[in-house]
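Colleague: Here it is, the structure in full.
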Amino acid sequence: MMNGTTISQPRWPIRLDARPFLIAISGVVVLILTALLLGVILMSFRAPPAGGGHYTLNGYRDVFQDPFTYKVFLNTALFSIMTVAVALFVAVPLAWVVERTDLPGKSLVYVLMSLGVLMPGFLTAMGWTFIAHPRIGLLNTLLMDLFGFERGPINIGTIPGMAFVQGLGLAAVSFILVAPLYRAMDGSLEEAGAVHGMRIVRRLWSITVPLTLPGIVAASIYILILAMSAFEVPAFLGLANKIFTFSTYIYIQANPHEELPRYDMMGATSMLMIFVALLLTWGYFRILKASHHRYAVVTGRGYRPKLFELGSRWLWVWCFIGLYFLLAKILPLLLLVYISLVPYPQPFSLASFSEFSLEHYRLFLGSKLARQAALNTGLLVVVVPTVCVTISFILSWIVIRSRVAGSYLFDVAAFLPHAVPSIIFAVAAAYVALFYLKDLLPLYGTIVLLMAVYTLVYISLATRGFNGALLQIHRELEEAAQVSGLRTGRVILSILVPLLAPAIVNLWLWIALLSFRELTMASMLVKSGNVTLPMVVWGYWSGGQMSGAAAAALVSIALMVPLIILYWLFGRRVQAVSVAP
Amino acid sequence: MITIRRLNKRFQRGEQTVYALNEVNLTVNQGEFFVLLGPSGSGKTTLLRCVAGLEKPDAGEVIIGERAVYSDKQGRFVPAEERGLGMVFQSYAIWPHLNVFQNVALPLMKGEAKLPKAQLAQRVDEALRLLQMDTMRDSPATLLSGGQQQRVALARALALNPKVLLMDEPLSNLDARLREEVRTEVWDVVKQLGITALYVTHDQVEAMALADRIAVMSEGSVLQVGPPLELYRRPKSRTVAEFFGSMNWLEGKVGPGGEVQTEIGPLEAELEGNAGGEMILGVRFEDVQIMDGTARGANQVEGQISRRVFLGDSILYEVIVGRKKLCAKTSADLNWQGRVGLQLPKEKLVVFPR
């Protein structure tokens, strides 16, 4: 009945298959990631002058013989544990309430929490400085006036203070990690408790908590890793007070006051940090794996259990939520606005209100630095997500679909930046660019180096997202295209890209936002020529110009708004797949 | 049309090596409707995927038409997109971002069998008309019912004018009533176009209804190949016999007169090659006939009904004969009680050495 040839002649004399090309791209990326980690190892064993010295254990000796290292270690441990405690204190009850009760306005909580993830840590840290700095913090000046203290009784620049601010920030991440646990839990398990006469508190304590405990422990370890490698809050709050955690310790090692940086010591400190981070990551996966059979119990069939009726208690819940947002976002932001409008940080008074001016904004906006930073940041926001999403898509496809032997190694490599603190990747990139590539490829101090390092580090995030999205797409959809004559490249373009479009858009916007606010990696890589907006803020702040920093930070946030609106419109439909370090 | 020689395929499951295909040999003739039948894990789907080019075998040969598409000796593996086949998947694999027309048209636009624009619409419409889907030409794929998706999947495969059509459990996601309807349609279309069909299923009724020939597979090997009636009446092994319906099994020994001495008395059977020694006799539930309560002739026994199960179109009786329980299935119109006679017809007994 149907006429025509069964198979047309090949259109090209040479058949170009996309597969080897895609595998090659993935291979190169994986090689670079591995090379950067090897760079850290190399760095830790080479005596000064950096890049030229002989191999030695001096770096390790000097790091491990120095009592200060142990102080930093202890600081980091305390800071991380307290951070987790604060974050879980907010996130776990909130997750349960949102998933398991009839709380009105739940979707708003979700939106606020996902947007909360995007608010840069340095913004909150700056805000809290103006609230609880022992000398200029408004809360402290208020207490001093009221009770006649000599010094402000509250100091945000301490380990508990930093952990409080960091915990408020990571509560949003914890919420996104913990909420699915309660969503996936089979509600009939709780209902069985109710039918057999258990009251709500009993039910929570003896059924819900034990069932979701492995998931919560796993989330805690994840948060612990993020806290351990956090840079912004310890830098903005702790450095001035000479309280260091791992990241800020590496930062001052790289920027010493007098002598040249000791790269071997930085390498040794990084190795210690990598060791701890890998240990925690291993524990994270162990727990996830061990709890898998429990998840099998936990994951119920499609039916939705009856939600717990809060009655009039919903008001209390919203007060709790409101208090959290007040402390974590609103108050710090308001303080920033106030400080940016007055000539220098000072308590509220009629005089201070009468002195309001836009002078700091005028100075910042008029500076050449600001224009250059805005241009660089704009470049990063366009290039990094585009390259990163493309590479990650390819990597995920190779890992999930291609069945190339050993492709899981690609996945392990792509996951590395998740386990290894991003500041270390930046250190390694700076070191390699400075001492090994400088003649061949003079990247140090250029915007290209920032683009490359951001892209490499965010691959770990985007591949998690694509792995999940690809697993949701039935393999037979691709096979059907293949059997009906489409080559690999066309299968990807005609079938996968349209089907994955929501995930692609979501990840693109997410990575764009992360690139915009990124400070940790920039702190190791930025010289004058490749300055970014967050680095300008950091420059003002560390130079003591707090009001200027506040104005610059607020301008940066304002520039972020269009991206956030885009994310709101197009990206939100897919749940934020992964969370920022 | 399809020749498979000594095909092998192993999978690594952790420490264990699973032989999904073990020295498989098969020939499918031009225009034949050939069914691969077997339980899950028997290797039937792997075999189909090896023919499609979606799976690469470890050793052997696959020849489609005149062309070797896989050969370990020649080191040749033709990828799926160059084999020019049509295939219907278990999940239908209808691309959800395209409408009905686009689903059928995409392979003709972007695939190896690329058509000029002018012919494209005509070819797609022809295929849709063949499957009575021409009225839904512009419907989005996500709004189609299971049966409609199935028709689009078939239209997409047939629009390519393939010489060979592969089908992987295409009816298993449809409900029972629709399954029979679509089954008939599939058979009609395949026969009307005269193409060669290779069809995978685990349902013996489906296999018997569709197949010119069936290959029964188990644990990666082909147990028996033949027309449905032959497999039903002359199975070569207990596994094959049981695959086509429930059996009563009796142990026995050949006596001096050529009859078989069994647990329930002597039975006549066609021994063929199986002369002498211990053997096992099988008879299908539906081949055991129930009569009045006395055994009168050859291959008849007496027993007591212990249970009656009403199955709708038939009744299943469990009858205790001596110490043995036999099952018989009869038309639902007859209603037996108490002591009955059972006839085990000689020509319907199958005999295997024990």
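How things are named: the first chain in the structure tokens is A, the next is B, and so on; residues count from 1 in each chain; ligands count from 1 in the order shown.
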Find the spatial neighbours of Leu88 (chain A), counting only C-alpha atoms, within a cut-off of 10 Å - ignore same-chain residues fewer than 3 positions away - and output them as a ChimeraX atom specification.

Modeller: /A:82-85,91-95,167-168,170-175,178,216,219-220,223

Colleague: Give me, as a PyMOL selection string, the residues of region 80-203 of chain B that a backbone DSSP run labels strand (DSSP E or B).

Modeller: chain B and resi 86-88+99+140+164-168+196-201

Colleague: Per DSSP on the backbone, what are the helix (DSSP H, G or I) residues of region 117-309 of chain B, as a ChimeraX atom specification?

Modeller: /B:117-130,134-136,141-143,146-158,176-193,204-210,228-233,238-243,285-287

Colleague: Can you write out the residues you just picked, keeping C-alpha atoms, as a PDB file, in the first residue's frame?

Modeller:
```pdb
ATOM      1  CA  LYS B 117       7.989  16.998   2.043  1.00  0.00           C
ATOM      2  CA  ALA B 118       5.451  16.352  -0.662  1.00  0.00           C
ATOM      3  CA  GLN B 119       5.176  12.651   0.098  1.00  0.00           C
ATOM      4  CA  LEU B 120       5.356  13.032   3.842  1.00  0.00           C
ATOM      5  CA  ALA B 121       1.803  14.085   4.662  1.00  0.00           C
ATOM      6  CA  GLN B 122       0.390  11.530   2.247  1.00  0.00           C
ATOM      7  CA  ARG B 123       2.365   8.680   3.805  1.00  0.00           C
ATOM      8  CA  VAL B 124       1.442   9.674   7.360  1.00  0.00           C
ATOM      9  CA  ASP B 125      -2.233   9.996   6.505  1.00  0.00           C
ATOM     10  CA  GLU B 126      -2.229   6.615   4.797  1.00  0.00           C
ATOM     11  CA  ALA B 127      -0.778   4.990   7.899  1.00  0.00           C
ATOM     12  CA  LEU B 128      -3.246   6.760  10.187  1.00  0.00           C
ATOM     13  CA  ARG B 129      -6.156   5.730   7.967  1.00  0.00           C
ATOM     14  CA  LEU B 130      -5.000   2.123   8.066  1.00  0.00           C
ATOM     15  CA  ASP B 134      -7.063   9.684  10.737  1.00  0.00           C
ATOM     16  CA  THR B 135      -9.819  11.521  12.599  1.00  0.00           C
ATOM     17  CA  MET B 136      -7.494  12.196  15.526  1.00  0.00           C
ATOM     18  CA  ALA B 141      -0.480  12.565  22.349  1.00  0.00           C
ATOM     19  CA  THR B 142      -1.208  13.075  26.019  1.00  0.00           C
ATOM     20  CA  LEU B 143      -4.968  12.981  25.402  1.00  0.00           C
ATOM     21  CA  GLY B 146      -4.306   3.284  25.763  1.00  0.00           C
ATOM     22  CA  GLY B 147      -5.899   1.711  22.717  1.00  0.00           C
ATOM     23  CA  GLN B 148      -5.418   4.863  20.652  1.00  0.00           C
ATOM     24  CA  GLN B 149      -1.781   5.156  21.697  1.00  0.00           C
ATOM     25  CA  GLN B 150      -1.340   1.572  20.609  1.00  0.00           C
ATOM     26  CA  ARG B 151      -2.773   2.385  17.175  1.00  0.00           C
ATOM     27  CA  VAL B 152      -0.531   5.423  16.790  1.00  0.00           C
ATOM     28  CA  ALA B 153       2.497   3.350  17.773  1.00  0.00           C
ATOM     29  CA  LEU B 154       1.564   0.802  15.111  1.00  0.00           C
ATOM     30  CA  ALA B 155       0.926   3.518  12.524  1.00  0.00           C
ATOM     31  CA  ARG B 156       4.318   5.077  13.298  1.00  0.00           C
ATOM     32  CA  ALA B 157       6.054   1.734  12.788  1.00  0.00           C
ATOM     33  CA  LEU B 158       4.153   0.909   9.596  1.00  0.00           C
ATOM     34  CA  ALA B 176      -8.842  -7.509  28.820  1.00  0.00           C
ATOM     35  CA  ARG B 177     -11.727  -6.624  26.490  1.00  0.00           C
ATOM     36  CA  LEU B 178      -9.771  -4.080  24.467  1.00  0.00           C
ATOM     37  CA  ARG B 179      -6.864  -6.496  24.225  1.00  0.00           C
ATOM     38  CA  GLU B 180      -8.851  -8.979  22.131  1.00  0.00           C
ATOM     39  CA  GLU B 181     -10.119  -6.237  19.844  1.00  0.00           C
ATOM     40  CA  VAL B 182      -6.671  -4.744  19.197  1.00  0.00           C
ATOM     41  CA  ARG B 183      -5.190  -8.230  18.861  1.00  0.00           C
ATOM     42  CA  THR B 184      -7.454  -8.959  15.924  1.00  0.00           C
ATOM     43  CA  GLU B 185      -6.629  -5.590  14.395  1.00  0.00           C
ATOM     44  CA  VAL B 186      -2.904  -6.173  14.679  1.00  0.00           C
ATOM     45  CA  TRP B 187      -3.221  -9.529  12.967  1.00  0.00           C
ATOM     46  CA  ASP B 188      -5.415  -8.107  10.176  1.00  0.00           C
ATOM     47  CA  VAL B 189      -3.023  -5.242   9.441  1.00  0.00           C
ATOM     48  CA  VAL B 190       0.105  -7.398   9.481  1.00  0.00           C
ATOM     49  CA  LYS B 191      -1.459  -9.968   7.166  1.00  0.00           C
ATOM     50  CA  GLN B 192      -2.918  -7.326   4.875  1.00  0.00           C
ATOM     51  CA  LEU B 193       0.515  -5.752   4.368  1.00  0.00           C
ATOM     52  CA  GLN B 204      -0.203 -18.240  25.651  1.00  0.00           C
ATOM     53  CA  VAL B 205      -3.735 -17.412  24.492  1.00  0.00           C
ATOM     54  CA  GLU B 206      -2.436 -14.328  22.676  1.00  0.00           C
ATOM     55  CA  ALA B 207       0.371 -16.404  21.185  1.00  0.00           C
ATOM     56  CA  MET B 208      -1.943 -19.129  19.906  1.00  0.00           C
ATOM     57  CA  ALA B 209      -4.439 -16.641  18.518  1.00  0.00           C
ATOM     58  CA  LEU B 210      -1.835 -14.683  16.543  1.00  0.00           C
ATOM     59  CA  PRO B 228       0.327 -23.429  17.900  1.00  0.00           C
ATOM     60  CA  LEU B 229      -1.614 -26.685  17.535  1.00  0.00           C
ATOM     61  CA  GLU B 230       1.556 -28.749  17.429  1.00  0.00           C
ATOM     62  CA  LEU B 231       2.873 -27.137  20.616  1.00  0.00           C
ATOM     63  CA  TYR B 232      -0.483 -27.693  22.297  1.00  0.00           C
ATOM     64  CA  ARG B 233      -0.836 -31.323  21.294  1.00  0.00           C
ATOM     65  CA  ARG B 238       6.771 -30.803  30.590  1.00  0.00           C
ATOM     66  CA  THR B 239       7.672 -27.110  30.657  1.00  0.00           C
ATOM     67  CA  VAL B 240       6.268 -26.523  27.183  1.00  0.00           C
ATOM     68  CA  ALA B 241       3.197 -28.644  27.945  1.00  0.00           C
ATOM     69  CA  GLU B 242       2.398 -26.690  31.108  1.00  0.00           C
ATOM     70  CA  PHE B 243       2.853 -23.410  29.325  1.00  0.00           C
ATOM     71  CA  PHE B 285      -7.801 -30.573  32.509  1.00  0.00           C
ATOM     72  CA  GLU B 286     -10.056 -29.811  29.554  1.00  0.00           C
ATOM     73  CA  ASP B 287      -9.237 -33.169  27.900  1.00  0.00           C
TER      74      ASP B 287
END
```

Colleague: From the options B:Lys44, B:Arg213, B:Arg323, B:His97, which residue's atoms come nearest to chain A, counting only C-alpha atoms?

Modeller: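 Residue with the minimum atom-to-atom distance to chain A: B:His97.
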
Colleague: Env of Thr196 (chain B): 8 Å cut, atoms = only C-alpha atoms, seq-sep filter 4 positions within chain, self excluded. Answer as a PyMOL selection string.

Modeller: chain B and resi 1+28-34+163-165+190

Colleague: Could you save those same residues with C-alpha atoms as an mmCIF file, in the first residue's frame?

Modeller:
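Final output, part_1.cif:
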```cif
data_model
loop_
_atom_site.group_PDB
_atom_site.id
_atom_site.type_symbol
_atom_site.label_atom_id
_atom_site.label_comp_id
_atom_site.auth_asym_id
_atom_site.auth_seq_id
_atom_site.Cartn_x
_atom_site.Cartn_y
_atom_site.Cartn_z
ATOM 1 C CA MET B 1 13.568 -13.223 6.589
ATOM 2 C CA VAL B 28 11.546 -16.596 10.771
ATOM 3 C CA ASN B 29 10.141 -16.923 7.258
ATOM 4 C CA GLN B 30 9.078 -14.140 4.922
ATOM 5 C CA GLY B 31 5.564 -12.961 5.773
ATOM 6 C CA GLU B 32 5.328 -15.099 8.849
ATOM 7 C CA PHE B 33 3.705 -14.021 12.121
ATOM 8 C CA PHE B 34 6.211 -15.389 14.599
ATOM 9 C CA LYS B 163 9.958 -5.407 5.911
ATOM 10 C CA VAL B 164 9.997 -6.558 9.524
ATOM 11 C CA LEU B 165 7.753 -5.430 12.365
ATOM 12 C CA VAL B 190 0.105 -7.398 9.481
#
```

Colleague: List as a VMD selection string the protein and nucleic acid residues near Phe308 (chain A), meaning an atom at most 9 Å away when only C-alpha atoms are counted, but skip any in the same chain fewer than 6 places from it.

Modeller: chain A and resid 97 100 to 103 200

Colleague: As an MDAnalysis selection string, please: the residues near region 295-310 of chain B (cut-off 7 Å, only C-alpha atoms, same-chain neighbours under 5 positions excluded).

Modeller: chainID B and resid 267:268 315:321 337:345

Colleague: In terms of the shortest atom-to-atom distance over only C-alpha atoms, which of A:Asn467, A:Ser340, A:Ser460, A:Thr56 is closest to Gly127 (chain A)?

Modeller: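 Of the candidates, the smallest distance to Gly127 (chain A) is held by A:Ser340.
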
Colleague: How close does each residue of chain B get to chain A, giving the shortest atom pair and distance in Å to one decimal for every residue with an atom at most 7 Å away, counting only C-alpha atoms, sorted by chain and residue number, as JSON lines?

Modeller:
```
{"residue": "B:Ala52", "atom": "CA", "partner": "A:Val483", "partner_atom": "CA", "distance": 6.8}
{"residue": "B:Ala80", "atom": "CA", "partner": "A:Val483", "partner_atom": "CA", "distance": 5.0}
{"residue": "B:Glu81", "atom": "CA", "partner": "A:Gly485", "partner_atom": "CA", "distance": 3.8}
{"residue": "B:Glu82", "atom": "CA", "partner": "A:Gly485", "partner_atom": "CA", "distance": 6.1}
{"residue": "B:Gly84", "atom": "CA", "partner": "A:Ile7", "partner_atom": "CA", "distance": 6.2}
{"residue": "B:Leu85", "atom": "CA", "partner": "A:Val483", "partner_atom": "CA", "distance": 6.5}
{"residue": "B:Gly86", "atom": "CA", "partner": "A:Ser484", "partner_atom": "CA", "distance": 6.4}
{"residue": "B:Met87", "atom": "CA", "partner": "A:Val483", "partner_atom": "CA", "distance": 6.8}
{"residue": "B:Phe89", "atom": "CA", "partner": "A:Glu476", "partner_atom": "CA", "distance": 6.9}
{"residue": "B:Ala93", "atom": "CA", "partner": "A:Leu477", "partner_atom": "CA", "distance": 4.6}
{"residue": "B:Ile94", "atom": "CA", "partner": "A:Leu477", "partner_atom": "CA", "distance": 6.8}
{"residue": "B:Trp95", "atom": "CA", "partner": "A:Leu477", "partner_atom": "CA", "distance": 6.3}
{"residue": "B:His97", "atom": "CA", "partner": "A:Leu499", "partner_atom": "CA", "distance": 6.6}
{"residue": "B:Pro107", "atom": "CA", "partner": "A:Ser484", "partner_atom": "CA", "distance": 5.5}
{"residue": "B:Lys110", "atom": "CA", "partner": "A:Leu486", "partner_atom": "CA", "distance": 6.1}
{"residue": "B:Gly111", "atom": "CA", "partner": "A:Leu486", "partner_atom": "CA", "distance": 4.2}
{"residue": "B:Glu112", "atom": "CA", "partner": "A:Gly485", "partner_atom": "CA", "distance": 4.7}
{"residue": "B:Ala113", "atom": "CA", "partner": "A:Ile7", "partner_atom": "CA", "distance": 4.7}
{"residue": "B:Lys114", "atom": "CA", "partner": "A:Ser8", "partner_atom": "CA", "distance": 6.7}
{"residue": "B:Arg123", "atom": "CA", "partner": "A:Met2", "partner_atom": "CA", "distance": 6.9}
{"residue": "B:Leu160", "atom": "CA", "partner": "A:Thr6", "partner_atom": "CA", "distance": 6.6}
{"residue": "B:Asn161", "atom": "CA", "partner": "A:Thr6", "partner_atom": "CA", "distance": 5.8}
{"residue": "B:Pro162", "atom": "CA", "partner": "A:Thr6", "partner_atom": "CA", "distance": 6.4}
```
